[in-house]
$ cat coords39.txt   # compact mmCIF, C-alpha atoms
# COMPACT_ATOMS: atom_id res chain seq x y z
CA MET A 249 4.09 -22.41 -26.37
CA LYS A 250 5.63 -18.97 -26.72
CA PRO A 251 5.63 -16.97 -24.61
CA THR A 252 6.16 -19.40 -21.78
CA CYS A 253 4.36 -18.87 -18.48
CA GLU A 254 7.56 -17.52 -16.99
CA GLU A 255 8.01 -15.00 -19.81
CA LEU A 256 4.41 -13.92 -19.63
CA ALA A 257 4.56 -13.45 -15.85
CA ALA A 258 7.74 -11.41 -16.18
CA ASP A 259 6.16 -9.18 -18.83
CA ILE A 260 3.09 -8.65 -16.68
CA ALA A 261 5.00 -7.76 -13.52
CA SER A 262 7.50 -5.47 -15.21
CA GLY A 263 4.85 -3.65 -17.25
CA ARG A 264 6.70 -4.62 -20.41
CA ILE A 265 3.47 -6.06 -21.74
CA GLU A 266 2.20 -2.54 -22.42
CA ARG A 267 5.03 -1.83 -24.82
CA LEU A 268 4.73 -4.95 -26.91
CA GLY A 269 3.60 -4.93 -30.51
CA TRP A 270 0.14 -6.13 -31.44
CA LEU A 271 1.28 -9.62 -32.43
CA ASP A 272 3.07 -10.23 -29.16
CA ARG A 273 0.12 -8.83 -27.27
CA LEU A 274 -2.12 -11.20 -29.11
CA ARG A 275 0.16 -14.09 -28.23
CA HIS A 276 0.11 -13.04 -24.60
CA ARG A 277 -3.64 -12.73 -24.60
CA LEU A 278 -4.07 -16.10 -26.21
CA HIS A 279 -1.70 -17.68 -23.73
CA ALA A 280 -3.54 -16.12 -20.79
CA TRP A 281 -6.86 -17.24 -22.21
CA LEU A 282 -5.66 -20.83 -22.40
CA CYS A 283 -3.70 -20.85 -19.16
CA PRO A 284 -5.65 -20.41 -15.89
CA PRO A 285 -2.56 -19.89 -13.67
CA CYS A 286 -1.28 -17.09 -15.90
CA ARG A 287 -4.71 -15.52 -16.04
CA GLN A 288 -4.87 -15.72 -12.27
CA TYR A 289 -1.42 -14.22 -11.92
CA GLN A 290 -2.37 -11.33 -14.18
CA LYS A 291 -5.56 -10.65 -12.25
CA GLN A 292 -3.76 -10.78 -8.93
CA VAL A 293 -1.14 -8.32 -10.15
CA ASP A 294 -3.84 -6.04 -11.53
CA SER A 295 -5.73 -6.22 -8.26
CA ILE A 296 -2.64 -5.04 -6.37
CA GLY A 297 -2.81 -1.83 -8.40
CA THR A 298 -6.50 -1.42 -7.66
CA LEU A 299 -5.91 -2.04 -3.96
CA ALA A 300 -3.09 0.51 -3.93
CA ARG A 301 -5.38 3.12 -5.47
CA GLN A 302 -8.07 2.37 -2.90
CA ARG A 303 -5.52 2.46 -0.13
CA ALA A 304 -4.31 5.88 -1.24
CA ASP A 305 -7.70 7.26 -0.28
CA ASP A 306 -7.94 5.41 3.03
CA GLY A 307 -7.89 7.95 5.82
CA ALA A 308 -7.21 10.77 3.40
CA PRO A 309 -8.27 14.23 4.56
CA CYS A 310 -11.74 15.28 3.47
CA PRO A 311 -12.11 17.80 0.63
CA GLU A 312 -12.55 20.69 3.08
CA ALA A 313 -9.34 19.82 4.89
CA LEU A 314 -7.52 19.48 1.60
CA GLU A 315 -8.74 22.89 0.51
CA ALA A 316 -7.49 24.36 3.76
CA MET A 317 -4.13 22.69 3.20
CA LYS A 318 -4.01 24.10 -0.29
CA ARG A 319 -4.68 27.58 1.08
CA ARG A 320 -1.96 27.19 3.69
CA CYS A 321 0.40 26.09 0.97
CA LEU A 322 -0.40 29.12 -1.19
CA GLU A 323 -0.07 31.31 1.86
CA ARG A 324 3.39 29.97 2.51
CA VAL A 325 4.46 30.16 -1.09
CA LYS A 326 2.99 33.54 -1.98
CA GLY A 327 2.59 35.21 1.38
CA PRO A 328 -0.40 35.85 3.66
CA ALA A 329 -2.28 37.93 1.09
CA THR A 330 -3.90 34.80 -0.26
CA ARG A 331 -5.49 33.97 3.07
CA GLY A 332 -9.20 33.59 2.61
CA PRO A 333 -12.02 34.21 5.04
CA ALA A 334 -12.97 30.54 5.21
CA ASP A 335 -9.54 29.43 6.32
CA ASP A 336 -10.78 27.89 9.51
CA ALA A 337 -13.33 25.71 7.80
CA GLU A 338 -11.08 22.70 7.59
CA VAL A 339 -13.05 20.50 9.94
CA CYS A 340 -14.80 17.90 7.86
CA PRO A 341 -18.58 18.09 8.18
CA ASP A 342 -19.01 14.44 9.02
CA SER A 343 -15.74 13.82 10.82
CA ASP A 344 -15.82 12.25 14.28
CA MET B 236 -6.64 7.03 -12.54
CA SER B 237 -6.89 9.96 -10.28
CA GLN B 238 -4.74 12.34 -12.24
CA THR B 239 -6.86 12.23 -15.33
CA ALA B 240 -8.75 15.34 -14.29
CA GLU B 241 -5.64 17.33 -15.05
CA SER B 242 -5.10 18.78 -18.43
CA PRO B 243 -2.56 16.81 -20.41
CA ARG B 244 -1.17 20.09 -21.68
CA ASP B 245 0.42 21.13 -18.44
CA ASP B 246 3.75 22.01 -19.94
CA ALA B 247 4.78 25.52 -19.10
CA PRO B 248 6.03 27.35 -22.16
CA ALA B 249 9.80 27.47 -22.13
CA SER B 250 10.05 31.21 -21.69
CA SER B 251 7.25 31.93 -19.24
CA PRO B 252 7.50 31.51 -15.50
CA ILE B 253 5.45 28.86 -13.78
CA ASP B 254 2.07 30.00 -12.55
CA ILE B 255 2.51 28.89 -8.96
CA GLU B 256 -1.09 29.47 -8.00
CA LYS B 257 -2.28 27.29 -10.85
CA ALA B 258 0.33 24.68 -10.01
CA VAL B 259 -0.80 24.50 -6.39
CA ASP B 260 -4.40 24.32 -7.46
CA GLN B 261 -3.75 21.56 -9.99
CA TYR B 262 -1.17 19.42 -8.28
CA PHE B 263 -1.39 19.92 -4.54
CA GLN B 264 -3.60 16.89 -4.04
CA GLN B 265 -1.42 14.61 -6.17
CA ILE B 266 1.80 15.65 -4.48
CA PHE B 267 0.23 15.35 -1.05
CA ARG B 268 -1.13 11.89 -1.87
CA ALA B 269 2.24 10.74 -3.17
CA ALA B 270 3.89 11.97 0.02
CA ARG B 271 1.37 10.01 2.09
CA GLY B 272 1.92 7.02 -0.14
CA ALA B 273 5.61 7.21 0.64
CA GLY B 274 4.72 6.56 4.27
CA LEU B 275 4.48 10.07 5.69
CA ASN B 276 1.66 11.05 8.04
CA ASP B 277 -0.70 13.88 7.12
CA GLY B 278 1.31 16.56 8.91
CA GLU B 279 4.59 15.46 7.39
CA ALA B 280 2.99 15.08 3.98
CA GLU B 281 1.56 18.60 4.15
CA GLU B 282 4.91 20.01 5.21
CA ILE B 283 6.86 18.30 2.46
CA THR B 284 4.22 19.26 -0.10
CA GLN B 285 4.54 22.91 0.90
CA GLU B 286 8.31 22.63 0.65
CA THR B 287 7.96 21.08 -2.78
CA PHE B 288 5.99 24.07 -4.03
CA MET B 289 8.41 26.46 -2.34
CA THR B 290 11.22 24.82 -4.27
CA LEU B 291 9.18 24.96 -7.44
CA LEU B 292 8.84 28.70 -6.95
CA GLU B 293 12.55 29.07 -6.26
CA LYS B 294 13.46 27.08 -9.32
CA ALA B 295 10.82 28.56 -11.59
CA ASP B 296 13.46 30.58 -13.39
CA THR B 297 15.50 27.51 -14.16
CA PHE B 298 12.52 25.54 -15.41
CA GLU B 299 13.07 25.21 -19.12
CA GLY B 300 9.85 23.54 -20.05
CA ARG B 301 11.60 20.38 -21.19
CA SER B 302 9.36 18.38 -18.92
CA ALA B 303 5.84 18.87 -17.65
CA VAL B 304 5.33 20.90 -14.49
CA ARG B 305 3.92 17.77 -12.92
CA THR B 306 7.06 15.77 -13.66
CA PHE B 307 9.18 18.62 -12.35
CA LEU B 308 7.13 18.72 -9.14
CA PHE B 309 7.33 14.97 -8.57
CA GLY B 310 11.07 15.18 -9.13
CA ILE B 311 11.36 17.83 -6.43
CA LEU B 312 9.18 15.78 -4.11
CA TYR B 313 11.25 12.66 -4.71
CA ASN B 314 14.46 14.50 -3.85
CA LYS B 315 12.89 15.84 -0.68
CA LEU B 316 11.56 12.43 0.29
CA ARG B 317 15.01 10.92 -0.07
CA GLU B 318 16.24 13.30 2.60
CA HIS B 319 13.31 12.66 4.91
CA ARG B 320 14.02 10.68 8.06
CA ARG B 321 11.24 8.14 7.41
CA TRP B 322 12.56 7.41 3.95
CA LEU B 323 16.10 7.22 5.24
CA SER B 324 15.16 4.80 7.99
CA GLN B 325 13.32 2.56 5.53
CA ALA B 326 16.22 2.66 3.11
CA ARG B 327 18.66 1.90 5.90
CA ARG B 328 16.55 -1.02 7.04
CA HIS B 329 16.76 -2.51 3.58
CA GLU B 330 20.45 -1.89 3.24
CA SER B 331 21.08 -3.56 6.56
CA LEU B 332 18.79 -6.49 5.80
CA ALA B 333 19.68 -7.22 2.22
CA PRO B 334 23.41 -7.86 2.08
CA ASP B 335 24.08 -10.14 4.98
CA ALA B 336 20.80 -11.34 6.50
CA ASP B 337 19.68 -13.30 3.56
CA ASP B 338 19.97 -11.87 0.15
CA VAL B 339 18.72 -15.09 -1.29
CA ALA B 340 15.53 -14.97 0.75
CA ALA B 341 14.97 -11.33 -0.17
CA GLU B 342 15.57 -12.15 -3.78
CA ARG B 343 13.11 -15.01 -3.57
CA LEU B 344 10.46 -12.63 -2.32
CA ASP B 345 11.00 -10.42 -5.34
CA GLN B 346 11.38 -13.07 -7.94
CA LEU B 347 9.27 -15.73 -9.50
CA ALA B 348 12.05 -17.94 -10.74
CA ASP B 349 11.52 -20.85 -8.38
CA ARG B 350 7.88 -21.08 -9.34
CA PHE B 351 8.67 -22.33 -12.83
CA ASP B 352 10.20 -25.47 -14.24
CA ASP B 353 12.96 -25.57 -16.83
CA ASP B 354 10.45 -25.17 -19.64
CA GLY B 355 9.06 -21.99 -18.12
CA LEU B 356 5.82 -23.62 -17.00
CA TRP B 357 4.26 -23.05 -13.61
CA LEU B 358 5.69 -25.40 -11.01
CA HIS B 359 3.94 -23.58 -8.16
CA PRO B 360 0.98 -21.72 -9.64
CA PRO B 361 -0.49 -18.68 -7.90
CA GLN B 362 -2.62 -19.62 -4.94
CA GLY B 363 -6.01 -18.42 -3.88
CA PRO B 364 -8.53 -16.16 -5.52
CA GLU B 365 -8.36 -15.03 -9.08
CA ALA B 366 -7.88 -11.51 -7.78
CA PHE B 367 -7.18 -10.26 -4.29
CA VAL B 368 -10.30 -9.29 -2.43
CA TYR B 369 -11.00 -5.58 -2.38
CA ALA B 370 -11.51 -5.17 1.34
CA ARG B 371 -10.16 -2.85 4.01
CA GLU B 372 -8.29 -5.72 5.70
CA THR B 373 -6.56 -6.57 2.45
CA ARG B 374 -5.53 -2.95 2.10
CA HIS B 375 -4.05 -2.99 5.60
CA LEU B 376 -2.08 -6.08 4.70
CA LEU B 377 -1.09 -4.44 1.46
CA SER B 378 0.35 -1.54 3.45
CA ASP B 379 2.43 -3.93 5.52
CA CYS B 380 3.62 -5.75 2.42
CA MET B 381 4.47 -2.47 0.69
CA ASP B 382 6.44 -1.36 3.73
CA SER B 383 8.61 -4.41 3.35
CA ALA B 384 9.85 -3.22 -0.05
CA PRO B 385 12.65 -0.73 -0.69
CA PRO B 386 11.18 2.81 -0.74
CA VAL B 387 12.31 3.59 -4.26
CA GLN B 388 10.51 0.52 -5.60
CA ARG B 389 7.39 1.55 -3.74
CA MET B 390 7.65 5.06 -5.17
CA ALA B 391 7.99 3.72 -8.71
CA PHE B 392 4.94 1.55 -8.22
CA LEU B 393 2.83 4.34 -6.69
CA LEU B 394 3.75 6.81 -9.39
CA ARG B 395 2.70 4.23 -11.92
CA GLU B 396 -0.41 2.75 -10.37
CA VAL B 397 -1.83 5.49 -8.19
CA GLU B 398 -0.70 8.65 -9.97
CA GLY B 399 -0.86 7.10 -13.42
CA LEU B 400 2.41 8.59 -14.64
CA SER B 401 3.96 7.27 -17.83
CA SER B 402 7.15 5.23 -17.81
CA ASP B 403 9.05 8.14 -19.33
CA GLU B 404 7.88 10.49 -16.59
CA ILE B 405 8.77 8.02 -13.84
CA CYS B 406 12.21 7.39 -15.32
CA LYS B 407 12.82 11.13 -15.39
CA ILE B 408 11.63 11.61 -11.82
CA LEU B 409 13.58 8.71 -10.35
CA ASP B 410 16.49 9.21 -12.75
CA ILE B 411 16.54 5.60 -13.86
CA SER B 412 16.44 3.76 -17.17
CA ARG B 413 13.36 2.05 -18.56
CA THR B 414 14.97 -1.32 -17.96
CA ASN B 415 15.63 -0.39 -14.39
CA LEU B 416 12.04 0.72 -13.94
CA GLY B 417 10.83 -2.61 -15.33
CA VAL B 418 13.03 -4.49 -12.87
CA MET B 419 11.79 -2.36 -9.97
CA LEU B 420 8.14 -2.86 -10.85
CA HIS B 421 8.70 -6.56 -11.40
CA ARG B 422 10.34 -6.97 -8.02
CA PHE B 423 7.85 -4.81 -6.19
CA ARG B 424 4.76 -6.47 -7.64
CA ASN B 425 6.10 -9.95 -7.01
CA ARG B 426 7.18 -9.08 -3.53
CA VAL B 427 3.75 -7.70 -2.66
CA ARG B 428 1.92 -10.51 -4.43
CA ASN B 429 4.00 -13.16 -2.69
CA CYS B 430 3.57 -11.34 0.59
CA LEU B 431 -0.23 -11.20 0.27
CA GLU B 432 -0.28 -14.83 -0.75
CA SER B 433 1.83 -15.81 2.23
CA GLN B 434 -0.34 -13.75 4.59
CA GLY B 435 -3.22 -16.00 3.78
CA ILE B 436 -5.19 -13.47 1.78
CA ALA B 437 -5.41 -16.05 -0.90
CA ALA B 438 -6.20 -18.94 1.38
CA GLY B 439 -8.68 -16.95 3.41
CA ALA B 440 -10.65 -15.75 0.44
CA ALA B 441 -13.89 -17.56 0.10
CA HIS B 442 -14.42 -17.45 -3.59
CA GLY B 443 -12.64 -18.27 -6.76
CA ALA B 444 -9.83 -20.36 -5.31
CA ARG B 445 -7.91 -21.99 -8.06
CA GLY B 446 -4.37 -22.56 -9.17
CA GLU B 447 -4.74 -26.04 -10.44
CA GLY B 448 -5.07 -24.96 -14.04
CA GLU B 449 -3.45 -26.64 -16.95
CA HIS B 450 -0.79 -25.09 -19.04
CA PRO B 451 -1.50 -24.26 -22.63
$ encode --input "coords39.txt" --output "structure tokens"
Amino acid sequence: MKPTCEELAADIASGRIERLGWLDRLRHRLHAWLCPPCRQYQKQVDSIGTLARQRADDGAPCPEALEAMKRRCLERVKGPATRGPADDAEVCPDSD
Amino acid sequence: MSQTAESPRDDAPASSPIDIEKAVDQYFQQIFRAARGAGLNDGEAEEITQETFMTLLEKADTFEGRSAVRTFLFGILYNKLREHRRWLSQARRHESLAPDADDVAAERLDQLADRFDDDGLWLHPPQGPEAFVYARETRHLLSDCMDSAPPVQRMAFLLREVEGLSSDEICKILDISRTNLGVMLHRFRNRVRNCLESQGIAAGAAHGARGEGEHP
């Protein structure tokens, strides 16, 4: 059956699947529907993206700290005039 | 996708200078997150993010509006990252490992070829759960697996999956062709998937284990 499992897996991993025409997409979808290993492969690859997005927020500074960073950045880029009165409020309220 | 809050119309008009204050307000978090994603700690990420905006300000006059401010910023960040010691050490590690140690083994990590038979059917189907478990431990393992990939591949993947940039934007930022981007993503995803599978994420997951499916 076209695409083969190998072709489908390659299209999934490279992101080429997003640029396919509707007929090829349909073929891919049909293949995945009929083929548990390909469906599993697709879900595993998708879940890597989800995990990466979750991981990006792991240990990220809290909003207050980010705001303080932003202010420091503006201060450096534009000069100290942008310094605000709440510049020291970067400690996160619920941080340890 | 975390960047969706931004306005899609972030192109600066060709003739007007970039509004640096607006740029910092809109993109600081994304640039900072991308710097962390590249393996920098918070302090280093903040520093390089500041430098990125400094460079944006310096180059504001040369910005011709042919690309979005966001793409321009990520391009600056990427160039700065490539000079950063952490990036350099990761890149060096790969250069030193790949050619002599075992190119074939490295290639095998990236590729799927030996999992299929001559007809393109699964010889060794994916193992374990239908999807990797969304747990903190898995994310830690993911970090380790991502570290094992060349930094430029990781960057391409993060720009795509975490920052939600389009292929065209990523190609512009990394200065690569679409084909090249496809190869990078293919290698990175397979490397990480194979790595997670080999770490026992799949085997250790309690639910949904399969892999015995029939081919269509």
$ closest_residue --input "coords39.txt" --among "A:Leu278, A:Leu268, A:Cys253, A:Ala316" --to "chain B" --atoms "all atoms listed in the file"
A:Cys253
$ closest_residue --input "coords39.txt" --among "B:Ile283, B:Asp254, B:Trp357, B:His421" --to "Glu318 of chain B" --atoms "all atoms listed in the file"
B:Ile283
$ atom_distance --input "coords39.txt" --atom1 "atom CA of Gln265 of chain B" --atom2 "atom CA of Asp259 of chain A"
28.0 Å
$ residues_near_point --input "coords39.txt" --point "(8.7, 19.0, -4.7)" --cutoff "12 Å" --atoms "all atoms listed in the file" --output "MDAnalysis selection string"
chainID B and resid 258:259 262:263 265:267 269:270 280:295 304:318 408
$ write_last_selection --input "coords39.txt" --atoms "C-alpha atoms" --output "PDB file, in the coordinates of the input"
ATOM      1  CA  ALA B 258       0.330  24.680 -10.010  1.00  0.00           C
ATOM      2  CA  VAL B 259      -0.800  24.500  -6.390  1.00  0.00           C
ATOM      3  CA  TYR B 262      -1.170  19.420  -8.280  1.00  0.00           C
ATOM      4  CA  PHE B 263      -1.390  19.920  -4.540  1.00  0.00           C
ATOM      5  CA  GLN B 265      -1.420  14.610  -6.170  1.00  0.00           C
ATOM      6  CA  ILE B 266       1.800  15.650  -4.480  1.00  0.00           C
ATOM      7  CA  PHE B 267       0.230  15.350  -1.050  1.00  0.00           C
ATOM      8  CA  ALA B 269       2.240  10.740  -3.170  1.00  0.00           C
ATOM      9  CA  ALA B 270       3.890  11.970   0.020  1.00  0.00           C
ATOM     10  CA  ALA B 280       2.990  15.080   3.980  1.00  0.00           C
ATOM     11  CA  GLU B 281       1.560  18.600   4.150  1.00  0.00           C
ATOM     12  CA  GLU B 282       4.910  20.010   5.210  1.00  0.00           C
ATOM     13  CA  ILE B 283       6.860  18.300   2.460  1.00  0.00           C
ATOM     14  CA  THR B 284       4.220  19.260  -0.100  1.00  0.00           C
ATOM     15  CA  GLN B 285       4.540  22.910   0.900  1.00  0.00           C
ATOM     16  CA  GLU B 286       8.310  22.630   0.650  1.00  0.00           C
ATOM     17  CA  THR B 287       7.960  21.080  -2.780  1.00  0.00           C
ATOM     18  CA  PHE B 288       5.990  24.070  -4.030  1.00  0.00           C
ATOM     19  CA  MET B 289       8.410  26.460  -2.340  1.00  0.00           C
ATOM     20  CA  THR B 290      11.220  24.820  -4.270  1.00  0.00           C
ATOM     21  CA  LEU B 291       9.180  24.960  -7.440  1.00  0.00           C
ATOM     22  CA  LEU B 292       8.840  28.700  -6.950  1.00  0.00           C
ATOM     23  CA  GLU B 293      12.550  29.070  -6.260  1.00  0.00           C
ATOM     24  CA  LYS B 294      13.460  27.080  -9.320  1.00  0.00           C
ATOM     25  CA  ALA B 295      10.820  28.560 -11.590  1.00  0.00           C
ATOM     26  CA  VAL B 304       5.330  20.900 -14.490  1.00  0.00           C
ATOM     27  CA  ARG B 305       3.920  17.770 -12.920  1.00  0.00           C
ATOM     28  CA  THR B 306       7.060  15.770 -13.660  1.00  0.00           C
ATOM     29  CA  PHE B 307       9.180  18.620 -12.350  1.00  0.00           C
ATOM     30  CA  LEU B 308       7.130  18.720  -9.140  1.00  0.00           C
ATOM     31  CA  PHE B 309       7.330  14.970  -8.570  1.00  0.00           C
ATOM     32  CA  GLY B 310      11.070  15.180  -9.130  1.00  0.00           C
ATOM     33  CA  ILE B 311      11.360  17.830  -6.430  1.00  0.00           C
ATOM     34  CA  LEU B 312       9.180  15.780  -4.110  1.00  0.00           C
ATOM     35  CA  TYR B 313      11.250  12.660  -4.710  1.00  0.00           C
ATOM     36  CA  ASN B 314      14.460  14.500  -3.850  1.00  0.00           C
ATOM     37  CA  LYS B 315      12.890  15.840  -0.680  1.00  0.00           C
ATOM     38  CA  LEU B 316      11.560  12.430   0.290  1.00  0.00           C
ATOM     39  CA  ARG B 317      15.010  10.920  -0.070  1.00  0.00           C
ATOM     40  CA  GLU B 318      16.240  13.300   2.600  1.00  0.00           C
ATOM     41  CA  ILE B 408      11.630  11.610 -11.820  1.00  0.00           C
TER      42      ILE B 408
END
$ atom_distance --input "coords39.txt" --atom1 "atom CA of Leu322 of chain A" --atom2 "atom CA of Leu394 of chain B"
24.1 Å
$ closest_residue --input "coords39.txt" --among "A:Ala280, A:Ala261, A:Leu256, A:Leu271" --to "Leu416 of chain B" --atoms "all atoms listed in the file"
A:Ala261
$ closest_atom_pairs --input "coords39.txt" --of "chain A" --to "chain B" --cutoff "7 Å" --atoms "all atoms listed in the file" --output "Markdown table"
| residue | atom | partner | partner_atom | distance |
| --- | --- | --- | --- | --- |
| A:Met249 | CA | B:Pro451 | CA | 7.0 |
| A:Thr252 | CA | B:Gly355 | CA | 5.3 |
| A:Cys253 | CA | B:Leu356 | CA | 5.2 |
| A:Glu254 | CA | B:Gly355 | CA | 4.8 |
| A:Ala258 | CA | B:His421 | CA | 6.9 |
| A:Ala261 | CA | B:His421 | CA | 4.4 |
| A:Ser262 | CA | B:His421 | CA | 4.1 |
| A:Gly263 | CA | B:Gly417 | CA | 6.4 |
| A:Arg264 | CA | B:Gly417 | CA | 6.8 |
| A:His279 | CA | B:Pro451 | CA | 6.7 |
| A:Leu282 | CA | B:Pro451 | CA | 5.4 |
| A:Cys283 | CA | B:His450 | CA | 5.1 |
| A:Pro284 | CA | B:Gly448 | CA | 4.9 |
| A:Pro285 | CA | B:Gly446 | CA | 5.5 |
| A:Gln288 | CA | B:Glu365 | CA | 4.8 |
| A:Tyr289 | CA | B:Pro361 | CA | 6.1 |
| A:Lys291 | CA | B:Ala366 | CA | 5.1 |
| A:Gln292 | CA | B:Ala366 | CA | 4.3 |
| A:Val293 | CA | B:Arg424 | CA | 6.7 |
| A:Ser295 | CA | B:Ala366 | CA | 5.7 |
| A:Gly297 | CA | B:Glu396 | CA | 5.5 |
| A:Leu299 | CA | B:Arg374 | CA | 6.1 |
| A:Ala300 | CA | B:Val397 | CA | 6.7 |
| A:Arg301 | CA | B:Val397 | CA | 5.1 |
| A:Arg303 | CA | B:Arg374 | CA | 5.9 |
| A:Ala304 | CA | B:Gly272 | CA | 6.4 |
| A:Lys318 | CA | B:Phe263 | CA | 6.5 |
| A:Cys321 | CA | B:Gln285 | CA | 5.2 |
| A:Leu322 | CA | B:Glu256 | CA | 6.9 |
| A:Val325 | CA | B:Met289 | CA | 5.6 |
$ atom_distance --input "coords39.txt" --atom1 "atom CA of His276 of chain A" --atom2 "atom CA of Ile260 of chain A"
9.5 Å
$ build_atoms --input "coords39.txt" --residues "segment 319-326 of chain A" --atoms "all heavy atoms" --output "compact mmCIF listing (two decimals), in the coordinates of the input"
# COMPACT_ATOMS: atom_id res chain seq x y z
N ARG A 319 -4.77 26.16 0.75
CA ARG A 319 -4.68 27.58 1.08
C ARG A 319 -3.43 27.88 1.90
O ARG A 319 -2.73 28.86 1.67
CB ARG A 319 -5.93 28.03 1.86
CG ARG A 319 -7.09 28.40 0.96
CD ARG A 319 -8.13 29.21 1.73
NE ARG A 319 -8.66 28.48 2.88
CZ ARG A 319 -9.66 27.62 2.80
NH1 ARG A 319 -10.25 27.37 1.65
NH2 ARG A 319 -10.10 27.00 3.87
N ARG A 320 -3.17 26.99 2.86
CA ARG A 320 -1.96 27.19 3.69
C ARG A 320 -0.71 27.12 2.82
O ARG A 320 0.25 27.85 3.04
CB ARG A 320 -1.89 26.13 4.79
CG ARG A 320 -2.86 26.37 5.93
CD ARG A 320 -2.48 25.56 7.16
NE ARG A 320 -2.65 24.14 6.97
CZ ARG A 320 -3.78 23.46 7.26
NH1 ARG A 320 -4.83 24.10 7.73
NH2 ARG A 320 -3.85 22.16 7.07
N CYS A 321 -0.75 26.24 1.86
CA CYS A 321 0.40 26.09 0.97
C CYS A 321 0.60 27.37 0.16
O CYS A 321 1.72 27.91 0.09
CB CYS A 321 0.18 24.89 0.03
SG CYS A 321 1.54 24.57 -1.07
N LEU A 322 -0.49 27.87 -0.41
CA LEU A 322 -0.40 29.12 -1.19
C LEU A 322 0.07 30.27 -0.33
O LEU A 322 0.86 31.11 -0.74
CB LEU A 322 -1.75 29.45 -1.80
CG LEU A 322 -1.98 28.99 -3.23
CD1 LEU A 322 -3.37 29.37 -3.68
CD2 LEU A 322 -0.94 29.58 -4.17
N GLU A 323 -0.44 30.27 0.91
CA GLU A 323 -0.07 31.31 1.86
C GLU A 323 1.44 31.30 2.11
O GLU A 323 2.09 32.33 2.14
CB GLU A 323 -0.82 31.05 3.16
CG GLU A 323 -0.85 32.20 4.13
CD GLU A 323 -1.77 31.84 5.29
OE1 GLU A 323 -2.99 31.72 5.07
OE2 GLU A 323 -1.25 31.66 6.40
N ARG A 324 1.94 30.10 2.24
CA ARG A 324 3.39 29.97 2.51
C ARG A 324 4.21 30.34 1.27
O ARG A 324 5.26 30.97 1.37
CB ARG A 324 3.70 28.54 2.93
CG ARG A 324 5.16 28.38 3.33
CD ARG A 324 5.39 27.08 4.05
NE ARG A 324 6.81 26.80 4.16
CZ ARG A 324 7.32 25.62 4.52
NH1 ARG A 324 6.52 24.63 4.82
NH2 ARG A 324 8.62 25.45 4.59
N VAL A 325 3.71 29.94 0.14
CA VAL A 325 4.46 30.16 -1.09
C VAL A 325 4.38 31.62 -1.54
O VAL A 325 5.36 32.22 -1.94
CB VAL A 325 3.94 29.23 -2.22
CG1 VAL A 325 4.56 29.56 -3.55
CG2 VAL A 325 4.23 27.78 -1.86
N LYS A 326 3.18 32.19 -1.44
CA LYS A 326 2.99 33.54 -1.98
C LYS A 326 2.87 34.63 -0.92
O LYS A 326 2.81 35.80 -1.24
CB LYS A 326 1.73 33.57 -2.85
CG LYS A 326 1.86 32.71 -4.10
CD LYS A 326 0.83 33.05 -5.12
CE LYS A 326 1.21 34.34 -5.85
NZ LYS A 326 0.24 34.72 -6.87
